[in-house]
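A.B. asks: Below is the file data.txt, with compact mmCIF, C-alpha atoms and all ligand atoms.
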```txt
# COMPACT_ATOMS: atom_id res chain seq x y z
CA MET G 1 15.14 -210.71 83.48
CA ASN G 2 15.86 -207.20 84.62
CA GLY G 3 13.16 -205.51 82.60
CA LYS G 4 15.71 -203.89 80.33
CA CYS G 5 15.85 -206.78 77.93
CA LYS G 6 15.35 -205.40 74.43
CA THR G 7 14.41 -208.61 72.69
CA GLY G 8 10.66 -208.19 73.05
CA PRO G 9 8.15 -208.52 70.24
CA SER G 10 8.88 -206.13 67.37
CA PRO G 11 6.82 -202.91 67.39
CA PRO G 12 3.83 -202.68 65.08
CA ALA G 13 4.57 -201.58 61.51
CA VAL G 14 2.05 -198.75 61.97
CA ASP G 15 0.63 -197.40 65.22
CA PHE G 16 -2.04 -194.66 65.28
CA ARG G 17 -2.74 -193.25 68.73
CA ASN G 18 -5.77 -191.04 69.06
CA VAL G 19 -5.13 -189.38 65.74
CA GLY G 20 -7.24 -186.42 64.67
CA LEU G 21 -7.03 -184.53 61.40
CA ARG G 22 -8.76 -181.31 60.43
CA TYR G 23 -8.46 -179.78 56.98
CA GLN G 24 -8.58 -176.01 56.77
CA SER G 25 -9.92 -174.46 53.59
CA PRO G 26 -11.49 -171.12 52.63
CA GLU G 27 -14.92 -172.76 53.06
CA GLY G 28 -14.07 -173.66 56.65
CA GLU G 29 -12.83 -176.63 58.58
CA THR G 30 -13.39 -180.30 57.76
CA GLU G 31 -12.82 -182.80 60.51
CA ALA G 32 -11.69 -185.92 58.62
CA LEU G 33 -10.48 -188.11 61.50
CA LYS G 34 -11.19 -188.10 65.20
CA GLY G 35 -9.62 -190.24 67.92
CA LEU G 36 -8.44 -192.82 65.42
CA SER G 37 -6.37 -195.59 66.99
CA PHE G 38 -5.21 -198.81 65.38
CA THR G 39 -2.08 -200.84 64.71
CA VAL G 40 -0.84 -202.79 61.71
CA ASN G 41 1.37 -205.79 62.39
CA GLU G 42 4.47 -206.68 60.44
CA GLY G 43 3.55 -208.81 57.41
CA GLU G 44 -0.16 -208.23 57.83
CA PHE G 45 -2.68 -207.29 55.13
CA LEU G 46 -4.94 -204.80 56.87
CA VAL G 47 -8.01 -203.31 55.19
CA LEU G 48 -9.69 -200.10 56.32
CA LEU G 49 -13.27 -200.29 55.13
CA GLY G 50 -15.54 -197.28 55.19
CA PRO G 51 -17.97 -195.19 53.17
CA SER G 52 -16.80 -192.67 50.57
CA GLY G 53 -15.57 -189.46 52.10
CA CYS G 54 -15.03 -190.94 55.57
CA GLY G 55 -11.30 -190.18 55.60
CA LYS G 56 -9.61 -193.29 54.14
CA THR G 57 -7.24 -191.55 51.76
CA THR G 58 -6.42 -189.15 54.59
CA VAL G 59 -5.22 -192.10 56.70
CA LEU G 60 -2.88 -193.24 53.93
CA SER G 61 -1.53 -189.71 53.43
CA LEU G 62 -0.78 -189.58 57.15
CA ILE G 63 1.04 -192.94 57.10
CA ALA G 64 3.11 -191.72 54.15
CA GLY G 65 3.99 -188.57 56.08
CA LEU G 66 2.48 -186.35 53.38
CA ILE G 67 0.30 -184.55 55.94
CA LYS G 68 0.65 -184.11 59.69
CA PRO G 69 -1.97 -185.08 62.27
CA SER G 70 -3.80 -182.26 64.06
CA GLU G 71 -3.81 -184.41 67.19
CA GLY G 72 -2.34 -187.64 68.42
CA GLU G 73 0.72 -189.59 67.45
CA ILE G 74 1.73 -191.85 64.60
CA ARG G 75 4.55 -194.38 64.93
CA ILE G 76 6.03 -196.31 62.06
CA GLY G 77 8.08 -199.33 63.13
CA GLY G 78 8.04 -197.96 66.67
CA GLU G 79 9.39 -194.52 65.77
CA ILE G 80 7.37 -191.34 65.83
CA LEU G 81 6.73 -190.04 62.34
CA THR G 82 8.32 -186.67 61.74
CA GLU G 83 8.96 -184.59 58.65
CA GLU G 84 12.59 -185.65 58.64
CA LYS G 85 11.78 -189.31 59.12
CA ARG G 86 9.33 -190.47 56.51
CA PRO G 87 8.83 -194.20 56.00
CA HIS G 88 9.84 -195.91 52.78
CA ILE G 89 6.46 -196.74 51.35
CA GLY G 90 5.10 -198.00 48.06
CA TYR G 91 1.85 -196.38 46.98
CA MET G 92 -0.66 -197.92 44.59
CA PHE G 93 -3.80 -196.16 43.43
CA GLN G 94 -6.01 -196.71 40.41
CA PRO G 95 -4.99 -198.97 37.54
CA ASP G 96 -3.19 -197.65 34.49
CA GLU G 97 -0.84 -195.35 36.27
CA LEU G 98 1.96 -196.41 33.92
CA LEU G 99 3.50 -193.83 31.62
CA PRO G 100 2.32 -194.76 28.09
CA TRP G 101 5.47 -193.51 26.35
CA ALA G 102 7.94 -195.42 28.54
CA ARG G 103 8.89 -199.08 28.17
CA VAL G 104 7.76 -201.48 30.91
CA ILE G 105 11.25 -201.75 32.42
CA ASP G 106 11.57 -197.93 32.53
CA ASN G 107 8.13 -197.63 34.09
CA VAL G 108 9.16 -200.15 36.73
CA LEU G 109 12.39 -198.26 37.45
CA LEU G 110 10.65 -194.91 37.75
CA GLY G 111 10.30 -195.10 41.53
CA CYS G 112 13.99 -195.99 41.88
CA ARG G 113 14.94 -193.05 39.63
CA ILE G 114 12.87 -190.66 41.72
CA ARG G 115 14.64 -192.00 44.82
CA LYS G 116 17.99 -191.69 43.02
CA GLU G 117 18.48 -195.43 43.35
CA ASP G 118 18.73 -196.28 39.70
CA ASP G 119 21.81 -198.43 40.24
CA ARG G 120 22.71 -201.87 39.03
CA ALA G 121 21.32 -203.64 42.08
CA HIS G 122 17.91 -202.01 41.66
CA ARG G 123 17.87 -202.64 37.92
CA GLU G 124 18.61 -206.30 38.55
CA ARG G 125 15.92 -206.49 41.21
CA ALA G 126 13.38 -204.89 38.86
CA ALA G 127 14.27 -207.29 36.05
CA ALA G 128 14.11 -210.26 38.42
CA LEU G 129 10.66 -209.23 39.65
CA LEU G 130 9.41 -208.90 36.07
CA ASP G 131 10.80 -212.38 35.27
CA GLU G 132 9.40 -213.86 38.47
CA TYR G 133 5.92 -212.54 37.85
CA GLY G 134 5.57 -213.38 34.18
CA LEU G 135 6.42 -210.07 32.55
CA GLY G 136 9.99 -210.95 31.57
CA ASP G 137 9.15 -210.99 27.87
CA PHE G 138 7.53 -207.56 28.07
CA LYS G 139 10.40 -205.54 29.57
CA GLU G 140 11.01 -203.65 26.35
CA SER G 141 7.32 -203.36 25.43
CA PHE G 142 5.13 -200.31 25.89
CA PRO G 143 2.21 -200.47 28.34
CA ARG G 144 -0.36 -200.44 25.49
CA SER G 145 0.65 -203.98 24.51
CA LEU G 146 -0.17 -205.28 28.01
CA SER G 147 -3.59 -206.41 29.22
CA GLY G 148 -5.24 -204.46 32.04
CA GLY G 149 -4.21 -207.14 34.52
CA MET G 150 -0.61 -207.12 33.33
CA ARG G 151 -0.46 -203.34 33.58
CA GLN G 152 -1.67 -203.52 37.15
CA ARG G 153 0.93 -206.15 37.90
CA ALA G 154 3.64 -203.96 36.36
CA ALA G 155 2.44 -201.08 38.54
CA LEU G 156 2.79 -203.29 41.63
CA ILE G 157 6.26 -204.41 40.54
CA ARG G 158 7.19 -200.75 40.22
CA THR G 159 6.23 -200.14 43.84
CA LEU G 160 8.08 -203.32 44.90
CA ALA G 161 11.23 -202.45 42.94
CA THR G 162 12.30 -199.89 45.53
CA ASP G 163 11.81 -202.58 48.23
CA PRO G 164 9.48 -200.50 50.44
CA SER G 165 8.83 -201.58 54.00
CA LEU G 166 5.14 -200.82 53.68
CA LEU G 167 2.61 -200.90 50.83
CA LEU G 168 -0.34 -198.53 50.75
CA LEU G 169 -3.21 -199.36 48.41
CA ASP G 170 -5.91 -196.78 47.78
CA GLU G 171 -8.92 -198.53 46.19
CA PRO G 172 -6.57 -199.87 43.52
CA PHE G 173 -9.14 -202.07 41.79
CA SER G 174 -12.20 -199.83 41.85
CA ALA G 175 -12.03 -198.80 38.19
CA LEU G 176 -11.83 -202.38 36.89
CA ASP G 177 -14.83 -204.35 35.70
CA TYR G 178 -16.08 -207.08 38.02
CA GLN G 179 -14.32 -210.14 36.59
CA THR G 180 -11.05 -208.34 35.96
CA ARG G 181 -11.18 -206.98 39.47
CA ILE G 182 -11.40 -210.45 41.01
CA ARG G 183 -8.60 -211.80 38.85
CA VAL G 184 -6.30 -208.80 39.33
CA SER G 185 -6.90 -208.53 43.07
CA GLU G 186 -6.10 -212.24 43.47
CA ASP G 187 -2.93 -211.76 41.49
CA ILE G 188 -1.80 -208.65 43.36
CA ALA G 189 -2.60 -210.10 46.80
CA SER G 190 -0.62 -213.27 46.15
CA ILE G 191 2.43 -211.27 45.03
CA ILE G 192 2.25 -209.08 48.13
CA LYS G 193 2.06 -212.17 50.38
CA ARG G 194 4.87 -213.89 48.56
CA GLU G 195 7.11 -210.86 48.93
CA GLY G 196 6.22 -210.78 52.65
CA LYS G 197 5.14 -207.14 52.59
CA THR G 198 3.01 -205.35 55.13
CA ALA G 199 0.05 -203.79 53.34
CA VAL G 200 -2.66 -201.30 54.25
CA MET G 201 -5.50 -201.11 51.75
CA VAL G 202 -8.47 -198.77 51.94
CA THR G 203 -11.75 -199.48 50.19
CA HIS G 204 -15.50 -198.92 50.41
CA ASP G 205 -16.15 -202.37 48.89
CA ILE G 206 -17.11 -205.04 51.46
CA SER G 207 -16.43 -208.01 49.15
CA GLU G 208 -13.04 -206.68 48.19
CA ALA G 209 -12.12 -206.20 51.84
CA LEU G 210 -13.23 -209.75 52.70
CA SER G 211 -11.41 -211.21 49.71
CA LEU G 212 -8.03 -209.82 50.66
CA ALA G 213 -7.75 -208.89 54.32
CA ASP G 214 -6.17 -210.69 57.24
CA ARG G 215 -8.02 -208.16 59.37
CA ILE G 216 -10.62 -205.50 58.62
CA LEU G 217 -11.28 -202.30 60.51
CA VAL G 218 -14.74 -200.95 59.79
CA LEU G 219 -14.65 -197.17 59.94
CA SER G 220 -17.43 -194.81 60.89
CA SER G 221 -18.52 -192.08 58.51
CA ARG G 222 -16.57 -188.82 58.79
CA PRO G 223 -14.82 -188.09 61.08
CA ALA G 224 -13.47 -191.63 60.82
CA SER G 225 -12.87 -193.74 63.88
CA VAL G 226 -12.77 -197.52 64.25
CA LYS G 227 -16.25 -198.98 64.69
CA ARG G 228 -15.38 -202.63 64.58
CA GLU G 229 -12.46 -204.96 64.14
CA LEU G 230 -12.78 -208.29 62.33
CA HIS G 231 -10.18 -211.01 61.94
CA VAL G 232 -11.06 -212.70 58.68
CA GLU G 233 -10.80 -216.41 59.34
CA ILE G 234 -11.86 -218.00 56.09
CA ASP G 235 -9.95 -221.10 55.03
CA GLY G 236 -8.04 -220.75 51.83
CA ARG G 237 -5.93 -217.79 50.89
CA GLY G 238 -7.17 -217.12 47.40
CA VAL G 239 -9.81 -214.55 46.55
CA ILE G 240 -11.94 -217.03 44.63
CA GLN G 241 -11.74 -219.70 47.37
CA ARG G 242 -12.71 -217.11 49.95
CA ARG G 243 -15.67 -215.88 47.96
CA ALA G 244 -16.92 -219.45 47.56
CA SER G 245 -16.83 -220.09 51.32
CA PRO G 246 -20.18 -220.03 53.18
CA LEU G 247 -18.46 -217.90 55.83
CA PHE G 248 -18.02 -215.16 53.25
CA ALA G 249 -21.74 -214.37 53.27
CA ASP G 250 -21.82 -214.38 57.09
CA TYR G 251 -19.01 -211.86 57.31
CA PHE G 252 -20.59 -209.83 54.51
CA ASN G 253 -23.91 -209.56 56.33
CA LEU G 254 -22.23 -208.64 59.58
CA ILE G 255 -20.31 -205.79 57.97
CA TRP G 256 -23.29 -204.72 55.86
CA LYS G 257 -25.34 -204.32 59.01
CA GLU G 258 -22.56 -202.38 60.71
CA LEU G 259 -22.32 -199.93 57.79
CA ASP G 260 -26.10 -199.74 57.45
CA ASP G 261 -26.50 -198.81 61.11
CA GLU G 262 -23.88 -196.16 60.49
CA ASN G 263 -25.90 -194.66 57.63
CA ALA G 264 -29.08 -194.78 59.65
CA SER G 265 -27.59 -193.04 62.65
P1 LIG P 1 -12.18 -191.07 51.44
O1 LIG P 1 -10.84 -191.44 50.89
O2 LIG P 1 -12.66 -191.98 52.52
O3 LIG P 1 -13.21 -190.92 50.38
P2 LIG P 1 -10.83 -188.55 52.13
O4 LIG P 1 -9.79 -188.93 53.12
O5 LIG P 1 -10.40 -188.30 50.74
O6 LIG P 1 -12.02 -189.64 52.17
O7 LIG P 1 -11.58 -187.23 52.63
C1 LIG P 1 -12.21 -187.11 53.90
C2 LIG P 1 -12.88 -185.77 53.99
O8 LIG P 1 -11.91 -184.75 53.99
C3 LIG P 1 -13.82 -185.46 52.82
O9 LIG P 1 -14.93 -184.76 53.34
C4 LIG P 1 -12.99 -184.59 51.92
O10 LIG P 1 -13.80 -183.71 51.18
C5 LIG P 1 -12.12 -183.85 52.90
N1 LIG P 1 -10.81 -183.51 52.33
C6 LIG P 1 -9.91 -184.38 51.81
N2 LIG P 1 -8.79 -183.74 51.42
C7 LIG P 1 -9.00 -182.43 51.70
C8 LIG P 1 -8.20 -181.24 51.53
N3 LIG P 1 -6.97 -181.30 51.02
N4 LIG P 1 -8.74 -180.06 51.92
C9 LIG P 1 -9.98 -180.00 52.48
N5 LIG P 1 -10.77 -181.07 52.67
C10 LIG P 1 -10.29 -182.27 52.29
MG MG P 2 -10.24 -191.88 48.92
```
Now, as a test, write the supplied structure out as C-alpha cells.
Ligand code: ADP
Ligand code: MG
C.D. replies:
Amino acid sequence: MNGKCKTGPSPPAVDFRNVGLRYQSPEGETEALKGLSFTVNEGEFLVLLGPSGCGKTTVLSLIAGLIKPSEGEIRIGGEILTEEKRPHIGYMFQPDELLPWARVIDNVLLGCRIRKEDDRAHRERAAALLDEYGLGDFKESFPRSLSGGMRQRAALIRTLATDPSLLLLDEPFSALDYQTRIRVSEDIASIIKREGKTAVMVTHDISEALSLADRILVLSSRPASVKRELHVEIDGRGVIQRRASPLFADYFNLIWKELDDENAS
C-alpha cells in the first residue's frame, strides 16, 4: 500500500465539524448552535434528541443547505456543503402535509415536479412505491379518503419518489395521538429501512427516539452541542418490540437523567 489507495471506507453521509450558528434579528443575536460535531453513517437512522428550542430544526436546515453555518464546516458524503452544491434530501415534517385538492399520485409526484423530474421513470417509481406500500388502490383518490396513517405514508412516499440520498425528519409524528403515533412511526421506520435510506430525525420525545434510532445524540439546551451518544442496542427492530423490552426503560431513565441534569444546570 502506498497510502494513496482510494478504496478506504466511504465518508460519512453527514459530517459536522465544530459548527456554530447565530441568528441575527432586530431583537439581537441568538446563538442556536455552538461547537456542534457529529457524523451520520451511510444507511444509519440517527436521532438528535433535545429540548424544545435547543436548535434541532436549525441542524436540519443546515444539512439541507438552507442556511449557512456561522462557524465550522459541514460535509455531505465527504464534500463540503456550498450554496452551489446542495444535497438531494427528502424532508418530512408534521403529518397532513398533502395538498387536499390533488390526487394521491399527484401529491406523490409533487417533489419530482418541483425538481423538474416529472418524467416517465419517476412516475413509474412513484406508482411502484404506492403499490409496494399498500396505497396502489388509492392513487386516484384524494387525501381526505385516506386514514391519518395512510396520509403519512403517502407523504413519505412523496419524499422517496425523488430518490433522495438523505431523509430529514423534523418531529414528524408529534401531532398524532399516542396510538396512531406508535403505529405510524413503526410503519414509516420500516419503509425507510427497507429502502436503505440514511435518515436524521430530530425530536424532543425520548420514547420516540428510543423506538426508532440506531444511535441517539442527546443535545444540550441552546446553544446545542452533543452531550451524550448512545448506540441503541435493543433486540428486535420494530417499535412495539423495542418498547416491550426491559432495556427500553433502562435507556429511558439514562436519557431522562441526562436531560434533567441539563434543565437543572
Ligand atoms: P428546535 O427545533 O430545537 O425547537 P430551532 O432550531 O427551531 O429549535 O431554534 C433554536 C433557537 O433559534 C430558538 O431560540 C429559536 O427561537 C431561534 N431561531 C430559530 N430560527 C430563527 C430565525 N430564523 N431567526 C432568529 N432566531 C431563530
Ligand atoms: Mg423544531
A.B. asks: Output the neighbourhood of ligand MG 2 (chain P) as number ranges by chain, that is, all protein and nucleic acid residues with some atom at most 10 Å from the ligand, counting only C-alpha atoms and all ligand atoms.
C.D. replies: G: 50-60, 93, 170-171, 202-204
A.B. asks: When you draw a straight line from CA of Arg103 (chain G) to CA of Leu66 (chain G), how long is it in Å?
C.D. replies: 29.0 Å
A.B. asks: Show me the residues around (1.4, -212.2, 45.8) - criterion: an atom at most 12 Å away, all atoms listed in the file counted - as a list in words.
C.D. replies: Phe45, Leu129, Glu132, Tyr133, Arg153, Leu156, Ile157, Leu160, Val184, Ser185, Glu186, Asp187, Ile188, Ala189, Ser190, Ile191, Ile192, Lys193, Arg194, Glu195, Gly196, Lys197, Thr198, Ala199, Leu212, Arg237, Gly238 and Val239 of chain G
A.B. asks: Would you mind telling me which residue in G:Glu73, G:Asp205, G:Asp137, G:Asp106 lies nearest to ligand LIG 1 (chain P) when using only C-alpha atoms and all ligand atoms?
C.D. replies: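 Among the listed residues, the smallest separation from ligand LIG 1 (chain P) belongs to G:Asp205.
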A.B. asks: Between G:Ser245, G:Asn107, G:Gln24, G:Ser165, which residue has the minimum interatomic distance to Val200 (chain G), considering only C-alpha atoms?
C.D. replies: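 So, comparing all the options, the nearest one is G:Ser165.
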A.B. asks: At most 10 Å from (2.1, -195.5, 29.3), file frame, all atoms listed in the file: which residues, as a list in words?
C.D. replies: Asp96, Glu97, Leu98, Leu99, Pro100, Trp101, Ala102, Arg103, Val104, Asn107, Phe142, Pro143, Arg144, Ser145 and Arg151 of chain G
A.B. asks: Which residue is closest to Ala64 (chain G)? Choose from G:Val40, G:Leu167, G:Ala32, G:Ala209 and count all atoms listed in the file.
C.D. replies: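 Among G:Val40, G:Leu167, G:Ala32, G:Ala209, it is G:Leu167 that comes nearest to Ala64 (chain G).
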A.B. asks: To one decimal place, how far is CA of Tyr23 (chain G) from CA of Ser174 (chain G) in Å?
C.D. replies: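 Those two atoms sit 25.4 Å apart.
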A.B. asks: Could you jot down the CA of Ser25 (chain G) to atom N4 of ligand LIG 1 (chain P) separation for me, Å, one decimal place?
C.D. replies: 6.0 Å
